[in-house]
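Trainee: Once you've had a glance at the structure underneath, I'll fire off some questions.
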Amino acid sequence: MKVSIIKYNAGNVQSVIFALERIGINAVVTDNVDILKTSNKVIFPGVGEASSAMKYLKEKNLDDVITNLKQPVLGICLGMQLMCSYSEEGNTKCLDIFDSTVKLFPATNTIKVPQIGWNTIYDFKTDLFKGVKENEYMYFVHSYFAEVSEHTIAKTNYGLEYSSSLQKNNFYGVQFHPEKSSDTGQQLLENFIRFAK
């Protein structure tokens, strides 16, 4: 099993590597087009800012590479948001894989922005959530959210309901950090490796 993690100017790669190692996967971090194209699974992680991340992807021609990948691709946090059509963060045109807009959480008296910490996920679709219980807790760190759309396969509520997971064809995305979400997150990563097509 050849698993690649897309190398670009976004943090949090090391914790993804460790999480994969715990399920017996030694992933390679790369921006090499040939390696990405020939991998069995590709992970698109991300902690950072949308417009600078997209700028880097375009400079390296990774925007075209990602959108044309035929194997399963998992976007995590910013990675998932960049797979949407547009982000309000930096007024950014994204990869347009998911027909969903990424918006800033409205600041209110009841919720703090960013959302940092544990929250529940529910209303699952697909085998990505095989063995995961409804309303299980996952770890989130984000100020922006993807709207619910036809591609939504899990939801979360934080002052409003939004997409905590998306899927279209071979592209999957999760807003939470499975690599920081204890055994449940580990289960989801294992599901992606074993079941995603």
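Identifiers for the structure tokens are assigned positionally: chains receive A, B, ... in sequence, residues are indexed from 1 per chain, and ligands are indexed from 1 in the order shown.
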List every residue of stretch 14-166 of chain A that DSSP, applied to the backbone, labels as strand (DSSP E), and write the result as a PyMOL selection string.

Mentor: chain A and resi 28-30+41-44+73-76+84-87+92-93+98-104+115-121+136-142+144-146+152-157+161-166

Trainee: Need the shell around A:Asp34: protein/DNA/RNA residues with any atom at most 12 Å away, counting only C-alpha atoms. Skip same-chain ones fewer than 2 positions apart. Format as a list in words?

Mentor: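 Selected residues are Ser4, Thr30, Asp31, Asn32, Leu36, Lys37, Thr38, Ser39, Leu62, Val65, Ile66 and Leu69 of chain A.
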
Trainee: Can you measure atom CA of A:Val113 to atom CA of A:His151 for me? One decimal in Å is fine.

Mentor: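 Separation of atom CA of A:Val113 and atom CA of A:His151: 24.9 Å.
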
Trainee: Could you give me, as a VMD selection string, each residue of stretch 157-193 of chain A that DSSP assigns to helix (DSSP H, G or I) when run on this structure's backbone?

Mentor: chain A and resid 178 to 180 182 to 193

Trainee: Find the distance between atom CA of A:Ile43 and atom CA of A:Cys94 and write it in Å to one decimal.

Mentor: 17.1 Å

Trainee: Near stretch 157-170 of chain A, counting only C-alpha atoms, which residues have an atom at most 7 Å away, once you skip same-chain residues fewer than 6 positions from it, shown as a list in words?

Mentor: Lys70, Gln71, Pro72, Val73, Phe98, Ile111, Ile121, Phe145, Ala146, Glu147, Val148, His151, Phe176 and Lys197 of chain A

Trainee: Output the selection as an mmCIF file, in the first residue's frame - N, CA and C atoms for each residue.

Mentor:
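Resulting contents of out_18.cif:
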```cif
data_model
loop_
_atom_site.group_PDB
_atom_site.id
_atom_site.type_symbol
_atom_site.label_atom_id
_atom_site.label_comp_id
_atom_site.auth_asym_id
_atom_site.auth_seq_id
_atom_site.Cartn_x
_atom_site.Cartn_y
_atom_site.Cartn_z
ATOM 1 N N LYS A 70 -7.084 10.030 -9.642
ATOM 2 C CA LYS A 70 -8.150 9.030 -9.835
ATOM 3 C C LYS A 70 -8.301 8.095 -8.636
ATOM 4 N N GLN A 71 -7.293 8.065 -7.758
ATOM 5 C CA GLN A 71 -7.361 7.211 -6.587
ATOM 6 C C GLN A 71 -8.028 7.975 -5.430
ATOM 7 N N PRO A 72 -8.388 7.318 -4.322
ATOM 8 C CA PRO A 72 -9.003 8.017 -3.199
ATOM 9 C C PRO A 72 -8.093 9.102 -2.616
ATOM 10 N N VAL A 73 -8.671 10.266 -2.386
ATOM 11 C CA VAL A 73 -7.970 11.420 -1.819
ATOM 12 C C VAL A 73 -8.744 11.866 -0.584
ATOM 13 N N PHE A 98 -15.757 19.966 -4.654
ATOM 14 C CA PHE A 98 -17.062 19.958 -4.001
ATOM 15 C C PHE A 98 -17.775 21.273 -4.287
ATOM 16 N N ILE A 111 -21.269 31.288 20.715
ATOM 17 C CA ILE A 111 -20.143 30.509 20.190
ATOM 18 C C ILE A 111 -18.902 31.380 20.040
ATOM 19 N N ILE A 121 -20.119 14.421 15.549
ATOM 20 C CA ILE A 121 -20.427 14.263 14.126
ATOM 21 C C ILE A 121 -21.609 13.296 14.012
ATOM 22 N N PHE A 145 -16.203 27.178 7.818
ATOM 23 C CA PHE A 145 -16.939 25.920 7.679
ATOM 24 C C PHE A 145 -17.461 25.769 6.257
ATOM 25 N N ALA A 146 -17.628 24.528 5.827
ATOM 26 C CA ALA A 146 -18.223 24.239 4.519
ATOM 27 C C ALA A 146 -19.725 24.068 4.693
ATOM 28 N N GLU A 147 -20.480 24.750 3.870
ATOM 29 C CA GLU A 147 -21.928 24.653 3.934
ATOM 30 C C GLU A 147 -22.389 23.223 3.636
ATOM 31 N N VAL A 148 -23.548 22.873 4.145
ATOM 32 C CA VAL A 148 -24.159 21.592 3.806
ATOM 33 C C VAL A 148 -24.544 21.612 2.325
ATOM 34 N N HIS A 151 -22.987 16.990 -1.408
ATOM 35 C CA HIS A 151 -21.816 16.141 -1.172
ATOM 36 C C HIS A 151 -21.569 15.861 0.314
ATOM 37 N N PHE A 176 -12.741 17.892 10.704
ATOM 38 C CA PHE A 176 -12.057 17.584 11.959
ATOM 39 C C PHE A 176 -10.680 16.980 11.672
ATOM 40 N N LYS A 197 -12.748 4.152 -2.240
ATOM 41 C CA LYS A 197 -12.526 3.775 -3.645
ATOM 42 C C LYS A 197 -12.578 5.000 -4.538
#
```

Trainee: Find the spatial neighbours of A:Asn12, counting only C-alpha atoms, within a cut-off of 12 Å - ignore same-chain residues fewer than 6 positions away - and output them as a compact mmCIF listing (two decimals) with C-alpha atoms, in the first residue's frame.

Mentor:
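The result, stored in part_38.txt:
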```txt
# COMPACT_ATOMS: atom_id res chain seq x y z
CA ILE A 5 0.76 13.01 1.93
CA ILE A 6 0.73 16.12 -0.24
CA PHE A 18 2.34 9.26 13.28
CA ALA A 19 -1.39 8.41 13.08
CA VAL A 29 5.38 13.36 2.19
CA PHE A 44 -4.27 16.31 1.60
CA PRO A 45 -3.75 17.70 5.12
CA GLY A 46 -3.74 21.27 6.22
CA VAL A 47 -3.48 23.82 8.95
CA GLY A 48 -3.08 27.30 7.54
CA ILE A 76 -8.23 17.13 6.24
CA CYS A 77 -9.34 20.50 7.70
CA LEU A 78 -7.91 23.16 5.33
CA GLY A 79 -7.32 20.37 2.82
CA VAL A 141 -9.80 23.63 15.09
CA HIS A 177 -8.60 16.17 12.62
CA PRO A 178 -8.79 12.36 12.68
CA GLU A 179 -5.10 12.23 13.59
CA LYS A 180 -5.95 14.06 16.85
```

Trainee: Might you pull out every residue within 9 Å of stretch 191-194 of chain A, with only C-alpha atoms counted and same-chain residues fewer than 4 positions away left off, and present them as number ranges by chain?

Mentor: A: 1, 3, 25, 40-41, 72-74, 127-131, 172, 186-187

Trainee: What separation in Å, quoted to one decimal, exists between atom CA of A:Thr184 and atom CA of A:Tyr137?

Mentor: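 If I compute the distance from atom CA of A:Thr184 to atom CA of A:Tyr137, I get 7.9 Å.
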
Trainee: Show which residues sit within 8 Å of A:Cys84, as JSON, numbers by chain. Count only C-alpha atoms, and ignore same-chain residues fewer than 5 positions away.

Mentor: {"A": [94, 95, 96, 97, 98, 99, 100, 101, 102, 146]}
